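Chemist: Handing over upload_6.cif, mmCIF, C-alpha atoms.
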data_target
#
loop_
_atom_site.group_PDB
_atom_site.id
_atom_site.type_symbol
_atom_site.label_atom_id
_atom_site.label_comp_id
_atom_site.auth_asym_id
_atom_site.auth_seq_id
_atom_site.Cartn_x
_atom_site.Cartn_y
_atom_site.Cartn_z
ATOM 1 C CA MET P 1 60.270 50.480 160.799
ATOM 2 C CA ASP P 2 63.065 48.638 162.584
ATOM 3 C CA LEU P 3 63.792 44.947 162.003
ATOM 4 C CA ASN P 4 61.701 43.835 164.976
ATOM 5 C CA GLN P 5 58.633 45.656 163.644
ATOM 6 C CA LEU P 6 59.139 44.375 160.108
ATOM 7 C CA LEU P 7 59.423 40.781 161.303
ATOM 8 C CA TYR P 8 56.364 41.023 163.557
ATOM 9 C CA ARG P 9 54.224 42.539 160.810
ATOM 10 C CA ARG P 10 55.335 39.933 158.283
ATOM 11 C CA LEU P 11 54.416 37.026 160.584
ATOM 12 C CA SER P 12 51.218 38.512 162.014
ATOM 13 C CA GLN P 13 49.754 39.270 158.587
ATOM 14 C CA ASP P 14 50.039 35.669 157.395
ATOM 15 C CA ASN P 15 46.530 34.229 157.104
ATOM 16 C CA LEU P 16 47.333 30.781 158.523
ATOM 17 C CA LEU P 17 49.338 32.104 161.484
ATOM 18 C CA ASN P 18 46.820 34.842 162.237
ATOM 19 C CA GLY P 19 43.986 32.335 162.243
ATOM 20 C CA THR P 20 45.784 29.621 164.231
ATOM 21 C CA LEU P 21 47.799 31.411 166.927
ATOM 22 C CA SER P 22 46.244 32.312 170.256
ATOM 23 C CA LYS P 23 45.561 35.990 170.877
ATOM 24 C CA TYR P 24 47.146 38.440 173.282
ATOM 25 C CA ALA P 25 45.492 41.861 173.526
ATOM 26 C CA ASP P 26 43.450 40.788 170.466
ATOM 27 C CA LYS P 27 46.605 40.334 168.389
ATOM 28 C CA PRO P 28 48.409 37.139 167.306
ATOM 29 C CA ALA P 29 50.592 35.744 170.097
ATOM 30 C CA ILE P 30 53.955 36.656 168.568
ATOM 31 C CA PHE P 31 56.608 38.030 170.925
ATOM 32 C CA ASN P 32 60.181 39.260 170.834
ATOM 33 C CA THR P 33 62.293 37.140 173.222
ATOM 34 C CA GLU P 34 59.869 36.673 176.170
ATOM 35 C CA PHE P 35 56.198 35.821 176.688
ATOM 36 C CA PRO P 36 53.925 37.833 178.974
ATOM 37 C CA PRO P 37 53.104 35.986 182.243
ATOM 38 C CA ASP P 38 50.251 33.466 182.010
ATOM 39 C CA GLN P 39 48.060 35.552 184.331
ATOM 40 C CA GLN P 40 48.505 38.757 182.335
ATOM 41 C CA GLU P 41 45.175 40.366 181.416
ATOM 42 C CA GLY P 42 46.012 40.377 177.712
ATOM 43 C CA TRP P 43 45.397 36.603 177.531
ATOM 44 C CA ASN P 44 41.762 37.136 178.616
ATOM 45 C CA GLY P 45 41.903 33.892 180.594
ATOM 46 C CA LYS P 46 42.228 31.836 177.407
ATOM 47 C CA SER P 47 44.880 29.370 176.273
ATOM 48 C CA GLN P 48 48.330 30.751 175.551
ATOM 49 C CA TYR P 49 49.007 28.120 172.851
ATOM 50 C CA PRO P 50 49.958 28.060 170.066
ATOM 51 C CA ARG P 51 52.325 31.020 170.337
ATOM 52 C CA ILE P 52 55.606 32.244 168.837
ATOM 53 C CA SER P 53 58.703 33.946 170.206
ATOM 54 C CA TYR P 54 61.743 35.072 168.254
ATOM 55 C CA VAL P 55 65.200 36.362 169.085
ATOM 56 C CA PHE P 56 67.979 37.961 167.047
ATOM 57 C CA ASN P 57 71.676 37.207 167.441
ATOM 58 C CA LYS P 58 73.669 39.730 165.374
ATOM 59 C CA GLN P 59 77.030 38.013 165.865
ATOM 60 C CA VAL P 60 78.792 37.590 162.506
ATOM 61 C CA ASP P 61 79.468 33.987 161.439
ATOM 62 C CA THR P 62 82.145 34.011 158.731
ATOM 63 C CA LYS P 63 81.908 30.252 158.182
ATOM 64 C CA ARG P 64 78.241 30.584 157.205
ATOM 65 C CA SER P 65 78.731 33.961 155.493
ATOM 66 C CA SER P 66 76.017 35.371 157.728
ATOM 67 C CA SER P 67 75.588 38.549 159.762
ATOM 68 C CA GLY P 68 73.853 36.727 162.592
ATOM 69 C CA GLN P 69 70.970 34.401 163.270
ATOM 70 C CA LEU P 70 67.237 34.636 163.823
ATOM 71 C CA THR P 71 65.612 31.899 165.921
ATOM 72 C CA VAL P 72 61.816 31.541 165.802
ATOM 73 C CA ALA P 73 60.382 29.255 168.496
ATOM 74 C CA LEU P 74 56.896 27.854 167.927
ATOM 75 C CA TYR P 75 55.021 26.410 170.940
ATOM 76 C CA ASP P 76 51.831 24.346 170.806
ATOM 77 C CA ILE P 77 49.926 21.758 172.780
ATOM 78 C CA MET P 78 50.899 18.358 171.399
ATOM 79 C CA ASP P 79 49.576 18.668 167.843
ATOM 80 C CA PRO P 80 52.440 17.756 165.464
ATOM 81 C CA LEU P 81 50.326 18.281 162.346
ATOM 82 C CA GLU P 82 49.363 21.835 163.344
ATOM 83 C CA VAL P 83 52.974 22.620 164.281
ATOM 84 C CA GLU P 84 54.147 21.342 160.900
ATOM 85 C CA LYS P 85 51.679 23.580 159.044
ATOM 86 C CA MET P 86 52.722 26.627 161.056
ATOM 87 C CA GLU P 87 56.413 25.900 160.525
ATOM 88 C CA VAL P 88 55.842 25.848 156.760
ATOM 89 C CA ALA P 89 53.963 29.161 157.034
ATOM 90 C CA ILE P 90 56.818 30.747 159.038
ATOM 91 C CA ARG P 91 59.417 29.612 156.536
ATOM 92 C CA ASN P 92 57.317 30.856 153.623
ATOM 93 C CA CYS P 93 56.920 34.238 155.349
ATOM 94 C CA LEU P 94 60.640 34.784 155.802
ATOM 95 C CA GLN P 95 62.483 32.825 153.121
ATOM 96 C CA ASP P 96 63.460 34.811 149.999
ATOM 97 C CA VAL P 97 62.072 38.095 151.320
ATOM 98 C CA VAL P 98 64.321 41.167 151.381
ATOM 99 C CA MET P 99 63.602 43.486 154.313
ATOM 100 C CA LYS P 100 64.892 47.052 154.569
ATOM 101 C CA PRO P 101 64.919 48.234 158.206
ATOM 102 C CA GLU P 102 65.224 51.956 158.695
ATOM 103 C CA GLY P 103 68.874 53.004 158.899
ATOM 104 C CA GLU P 104 70.193 49.490 158.158
ATOM 105 C CA ALA P 105 71.358 47.536 155.128
ATOM 106 C CA PRO P 106 68.833 45.373 153.257
ATOM 107 C CA MET P 107 68.760 41.806 154.540
ATOM 108 C CA CYS P 108 67.071 38.478 154.052
ATOM 109 C CA PHE P 109 66.739 35.227 155.995
ATOM 110 C CA ALA P 110 67.996 31.846 154.820
ATOM 111 C CA TRP P 111 66.555 28.806 156.581
ATOM 112 C CA ALA P 112 69.278 26.853 158.398
ATOM 113 C CA ARG P 113 67.566 24.123 160.464
ATOM 114 C CA SER P 114 64.516 23.140 162.529
ATOM 115 C CA GLU P 115 64.744 21.314 165.854
ATOM 116 C CA PRO P 116 61.730 19.940 167.794
ATOM 117 C CA TYR P 117 61.632 19.186 171.515
ATOM 118 C CA ILE P 118 59.039 18.605 174.237
ATOM 119 C CA LEU P 119 58.364 20.770 177.317
ATOM 120 C CA GLU P 120 56.355 20.580 180.548
ATOM 121 C CA GLY P 121 56.100 16.827 180.953
ATOM 122 C CA ASN P 122 55.173 15.984 177.363
ATOM 123 C CA ALA P 123 52.418 18.629 177.322
ATOM 124 C CA VAL P 124 53.948 21.229 174.976
ATOM 125 C CA LEU P 125 55.725 20.687 171.676
ATOM 126 C CA CYS P 126 58.311 23.309 170.681
ATOM 127 C CA LYS P 127 59.855 23.700 167.220
ATOM 128 C CA GLU P 128 62.870 26.008 166.963
ATOM 129 C CA ILE P 129 63.384 27.309 163.427
ATOM 130 C CA ALA P 130 66.782 28.906 162.789
ATOM 131 C CA PHE P 131 67.531 31.334 159.953
ATOM 132 C CA ASP P 132 70.838 32.884 158.919
ATOM 133 C CA ILE P 133 70.677 36.679 158.571
ATOM 134 C CA LEU P 134 72.264 37.781 155.298
ATOM 135 C CA GLU P 135 72.960 41.485 154.775
ATOM 136 C CA TYR P 136 73.528 43.311 151.480
ATOM 137 C CA PRO P 137 75.399 46.517 152.358
ATOM 138 C CA ALA P 138 75.925 49.412 149.970
ATOM 139 C CA GLN P 139 78.926 48.899 147.682
ATOM 140 C CA GLU P 140 79.666 52.432 146.457
ATOM 141 C CA THR P 141 83.402 53.152 146.539
ATOM 142 C CA THR P 142 84.793 56.128 144.629
ATOM 143 C CA ASP P 143 84.773 57.613 141.156
ATOM 144 C CA PRO P 144 85.059 55.758 138.842
ATOM 145 C CA ASP P 145 83.110 53.042 140.658
ATOM 146 C CA PRO P 146 83.226 49.547 139.066
ATOM 147 C CA VAL P 147 80.255 48.236 141.045
ATOM 148 C CA MET P 148 78.004 51.173 140.194
ATOM 149 C CA ALA P 149 79.003 50.845 136.540
ATOM 150 C CA LEU P 150 78.035 47.172 136.554
ATOM 151 C CA ASN P 151 74.756 47.974 138.330
ATOM 152 C CA ARG P 152 73.882 50.491 135.644
ATOM 153 C CA TYR P 153 74.728 47.937 132.943
ATOM 154 C CA ILE P 154 72.463 45.325 134.573
ATOM 155 C CA LYS P 155 69.602 47.822 135.002
ATOM 156 C CA LYS P 156 69.796 48.751 131.319
ATOM 157 C CA LEU P 157 69.717 45.069 130.353
ATOM 158 C CA PHE P 158 66.901 44.161 132.790
ATOM 159 C CA PRO P 159 64.899 47.375 133.400
ATOM 160 C CA GLU P 160 62.008 45.455 134.966
ATOM 161 C CA CYS P 161 64.220 44.061 137.759
ATOM 162 C CA ILE P 162 65.304 45.676 141.020
ATOM 163 C CA VAL P 163 69.020 46.460 141.229
ATOM 164 C CA PHE P 164 70.558 47.257 144.616
ATOM 165 C CA GLY P 165 72.343 50.589 144.403
ATOM 166 C CA ILE P 166 70.106 51.835 141.566
ATOM 167 C CA ASP P 167 66.537 51.297 142.761
ATOM 168 C CA GLU P 168 65.102 52.490 146.055
ATOM 169 C CA LEU P 169 63.924 49.559 148.151
ATOM 170 C CA SER P 170 60.633 49.382 150.007
ATOM 171 C CA GLU P 171 60.334 47.784 153.439
ATOM 172 C CA TYR P 172 59.582 44.414 151.832
ATOM 173 C CA THR P 173 60.849 43.233 148.465
ATOM 174 C CA ILE P 174 59.624 39.867 147.166
ATOM 175 C CA PRO P 175 62.129 38.416 144.660
ATOM 176 C CA ALA P 176 59.551 35.812 143.589
ATOM 177 C CA ASP P 177 57.515 38.691 142.151
ATOM 178 C CA THR P 178 60.402 40.895 140.962
ATOM 179 C CA PRO P 179 63.924 39.418 140.638
ATOM 180 C CA VAL P 180 66.624 41.361 142.484
ATOM 181 C CA PHE P 181 70.268 41.869 141.472
ATOM 182 C CA TYR P 182 73.025 42.603 143.970
ATOM 183 C CA SER P 183 76.653 43.203 143.012
ATOM 184 C CA GLY P 184 79.195 42.821 145.806
ATOM 185 C CA LEU P 185 82.808 43.998 145.575
ATOM 186 C CA LYS P 186 85.189 41.196 146.534
ATOM 187 C CA SER P 187 88.545 42.849 145.865
ATOM 188 C CA ILE P 188 90.441 45.607 144.027
ATOM 189 C CA ASP P 189 94.157 45.378 143.290
ATOM 190 C CA SER P 190 96.549 47.675 141.466
ATOM 191 C CA THR P 191 98.257 46.386 138.347
ATOM 192 C CA ASP P 192 100.610 47.475 135.589
ATOM 193 C CA GLY P 193 99.302 48.914 132.345
ATOM 194 C CA HIS P 194 100.261 51.172 129.484
ATOM 195 C CA CYS P 195 100.668 54.935 129.992
ATOM 196 C CA ARG P 196 101.680 54.373 133.593
ATOM 197 C CA SER P 197 102.878 57.938 133.881
ATOM 198 C CA SER P 198 99.348 59.245 133.376
ATOM 199 C CA LEU P 199 97.069 56.325 134.360
ATOM 200 C CA SER P 200 96.664 54.050 137.382
ATOM 201 C CA TRP P 201 95.324 50.584 136.523
ATOM 202 C CA PHE P 202 93.147 48.295 138.646
ATOM 203 C CA ASN P 203 91.537 44.860 138.638
ATOM 204 C CA ALA P 204 88.157 44.672 140.407
ATOM 205 C CA VAL P 205 86.540 41.329 141.240
ATOM 206 C CA ILE P 206 82.755 41.591 141.615
ATOM 207 C CA SER P 207 80.269 38.902 142.643
ATOM 208 C CA VAL P 208 76.803 39.143 141.080
ATOM 209 C CA HIS P 209 73.798 37.716 142.927
ATOM 210 C CA LEU P 210 70.393 37.202 141.358
ATOM 211 C CA LEU P 211 67.911 36.855 144.207
ATOM 212 C CA CYS P 212 65.065 34.818 142.772
ATOM 213 C CA PRO P 213 63.622 31.553 144.125
ATOM 214 C CA LYS P 214 62.724 30.226 140.643
ATOM 215 C CA PRO P 215 65.686 28.117 139.386
ATOM 216 C CA SER P 216 64.708 28.171 135.707
ATOM 217 C CA LEU P 217 64.299 31.960 135.679
ATOM 218 C CA ARG P 218 67.602 32.450 137.527
ATOM 219 C CA LEU P 219 69.391 30.322 134.943
ATOM 220 C CA LYS P 220 67.899 32.161 131.954
ATOM 221 C CA MET P 221 68.618 35.625 133.332
ATOM 222 C CA MET P 222 72.159 34.895 134.505
ATOM 223 C CA ALA P 223 72.972 33.203 131.186
ATOM 224 C CA ALA P 224 71.647 36.261 129.345
ATOM 225 C CA LEU P 225 73.787 38.586 131.499
ATOM 226 C CA HIS P 226 76.855 36.390 130.987
ATOM 227 C CA GLN P 227 76.358 36.328 127.225
ATOM 228 C CA SER P 228 75.766 40.081 126.998
ATOM 229 C CA LEU P 229 78.928 40.898 128.981
ATOM 230 C CA ALA P 230 80.962 38.438 126.900
ATOM 231 C CA LYS P 231 79.736 40.050 123.678
ATOM 232 C CA ASP P 232 80.225 43.668 124.758
ATOM 233 C CA GLU P 233 83.614 42.967 126.364
ATOM 234 C CA GLU P 234 83.461 46.241 128.293
ATOM 235 C CA ILE P 235 81.308 48.301 130.631
ATOM 236 C CA ILE P 236 81.224 52.078 130.326
ATOM 237 C CA MET P 237 81.866 53.732 133.673
ATOM 238 C CA PHE P 238 80.416 56.996 134.937
ATOM 239 C CA ASP P 239 83.378 59.043 133.675
ATOM 240 C CA ASP P 240 82.804 57.504 130.194
ATOM 241 C CA SER P 241 85.966 55.396 130.442
ATOM 242 C CA PRO P 242 85.728 51.660 129.670
ATOM 243 C CA MET P 243 86.087 48.833 132.179
ATOM 244 C CA VAL P 244 87.278 45.820 130.189
ATOM 245 C CA VAL P 245 85.685 42.487 131.086
ATOM 246 C CA LYS P 246 88.892 40.592 131.776
ATOM 247 C CA ALA P 247 87.393 37.407 133.259
ATOM 248 C CA LEU P 248 83.846 36.120 133.582
ATOM 249 C CA LYS P 249 82.634 32.964 135.289
ATOM 250 C CA MET P 250 79.091 31.751 135.887
ATOM 251 C CA ASN P 251 78.216 29.023 138.409
ATOM 252 C CA ASN P 252 74.522 28.263 138.468
ATOM 253 C CA ASN P 253 74.959 25.864 141.408
ATOM 254 C CA ALA P 254 76.291 28.601 143.701
ATOM 255 C CA ASP P 255 74.168 29.739 146.642
ATOM 256 C CA TYR P 256 72.587 32.860 145.191
ATOM 257 C CA LEU P 257 71.905 34.327 148.649
ATOM 258 C CA ARG P 258 75.481 33.978 149.927
ATOM 259 C CA GLU P 259 77.961 33.678 147.046
ATOM 260 C CA GLY P 260 76.420 34.962 143.836
ATOM 261 C CA GLN P 261 76.159 33.006 140.601
ATOM 262 C CA MET P 262 78.641 35.079 138.616
ATOM 263 C CA SER P 263 82.138 36.413 139.194
ATOM 264 C CA LEU P 264 83.428 39.253 137.008
ATOM 265 C CA THR P 265 86.921 40.696 136.867
ATOM 266 C CA GLY P 266 87.031 44.190 135.392
ATOM 267 C CA TYR P 267 90.170 46.010 134.244
ATOM 268 C CA TYR P 268 90.006 49.789 134.352
ATOM 269 C CA ALA P 269 92.117 52.925 134.753
ATOM 270 C CA CYS P 270 92.019 56.194 136.652
ATOM 271 C CA LEU P 271 93.632 59.359 135.332
ATOM 272 C CA LYS P 272 96.469 60.535 137.536
ATOM 273 C CA ASP P 273 96.562 64.164 138.646
ATOM 274 C CA ALA P 274 98.520 66.394 136.296
ATOM 275 C CA PHE P 275 102.145 66.549 137.410
ATOM 276 C CA LYS P 276 103.082 69.996 138.617
ATOM 277 C CA GLN P 277 106.638 71.265 138.382
ATOM 278 C CA PRO P 278 107.885 72.900 141.590
ATOM 279 C CA GLY P 279 107.712 76.672 141.470
ATOM 280 C CA ILE P 280 110.885 78.801 141.277
ATOM 281 C CA SER P 281 111.397 81.106 144.216
ATOM 282 C CA GLY P 282 114.149 83.354 145.548
ATOM 283 C CA VAL P 283 115.152 84.606 142.099
ATOM 284 C CA THR P 284 116.242 88.224 141.627
ATOM 285 C CA ILE P 285 117.124 90.102 138.491
ATOM 286 C CA ASN P 286 119.805 92.758 138.579
ATOM 287 C CA ASP P 287 119.492 95.653 136.192
ATOM 288 C CA LEU P 288 122.802 95.712 134.362
ATOM 289 C CA ALA P 289 122.046 98.921 132.472
#
Mind converting the file's structure to structure tokens?
Modeler:
Amino acid sequence: MDLNQLLYRRLSQDNLLNGTLSKYADKPAIFNTEFPPDQQEGWNGKSQYPRISYVFNKQVDTKRSSSGQLTVALYDIMDPLEVEKMEVAIRNCLQDVVMKPEGEAPMCFAWARSEPYILEGNAVLCKEIAFDILEYPAQETTDPDPVMALNRYIKKLFPECIVFGIDELSEYTIPADTPVFYSGLKSIDSTDGHCRSSLSWFNAVISVHLLCPKPSLRLKMMAALHQSLAKDEEIIMFDDSPMVVKALKMNNNADYLREGQMSLTGYYACLKDAFKQPGISGVTINDLA
């Protein structure tokens, strides 16, 4: 399914929205961008309210650390209480849910703001609900891969959790039911180290996100990960070489959807290719006998 289909199914299967929204072609009145004309047969001559439209804007916003914005517009005849209930249902449907559209990176929606206004001479109340789109792209680099090594470490420590890059994601993942870890590579820089003639040394800075809406559980799990890494002092990479935990910082107040609650700096080495002496050519041997 693409993102449009995933969003429609998520909203239309909510019990409150399904039971409250008007119907078009016997389905909840939820539309991408535009509504069908009022005289369209699908309305069956009945009221077109309440109804929902949504639109995606995939323009990256670096200030908000988002990959775009989703705006859900809810329209209803002047009934503020009903609009309020439906807004809560919409936010509950989309907040803290990881969606995996076909051919795209996993993503989730973070509520940004809600703005009400009145249309058609005080007859229709509209509530626009804006969400930031946050993507979690694959972080595989090369061998040895510091992010994949950390993912494997986390999965071994928390086998019951979902770890991006290790576990295969379904179309919907609910972090409230199963906490989700995501490790994002922030930077890699070369550095000096011993055996420079045979090894290349690197510092990798990795941000660790724990997607889980339960604050107490987030704190316990991130503290356990922090303590385990501090005790072990190293992570074994896929080539069996160690990545030394050089720096480790946990910030439980960080936005777990955007920043991650832990920053790790790993120090590791790659074996240089064996140095090959240039071959000797153009040499002849004269028989002196």
Chemist: With distances taken over all atoms listed in the file, which residue among P:Asn44, P:Gln95, P:Gln261, P:Asn253 lies nearest Leu7 in chain P?
Modeler: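 The shortest atom-to-atom distance to Leu7 in chain P comes from P:Gln95.
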Chemist: Pick from P:Cys270, P:Leu199, P:Val97, P:Met86: nearest to Ser170 in chain P, with all atoms listed in the file counted?
Modeler: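 Once distances to Ser170 in chain P are computed over all atoms listed in the file, the minimum belongs to P:Val97.
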Chemist: Pull out every residue that the PyMOL selection byres ((chain P and resi 187) around 6) matches in the shown coordinates and put them as a PyMOL selection string.
Modeler: chain P and resi 185-186+188+204-205
Chemist: For the PyMOL selection byres ((chain P and resi 263) around 7), applied here, can you spell out every residue it catches as a VMD selection string?
Modeler: chain P and resid 205 to 208 248 to 250 262 264 to 265
Chemist: I'd like the contact shell of Pro36 in chain P - 12 Å cut-off, all atoms listed in the file, skipping same-chain residues fewer than 3 positions apart - returned as a list in words.
Modeler: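 Those residues are Lys23, Tyr24, Ala25, Ala29, Ile30, Phe31, Asn32, Thr33, Gln39, Gln40, Glu41, Gly42, Trp43, Gln48, Arg51, Ile52 and Ser53 of chain P.
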Chemist: Counting all atoms listed in the file, what is within 9 Å of Ala110 in chain P, bar same-chain residues fewer than 2 positions away, as an MDAnalysis selection string?
Modeler: chainID P and resid 94:96 108 112 130:134 257
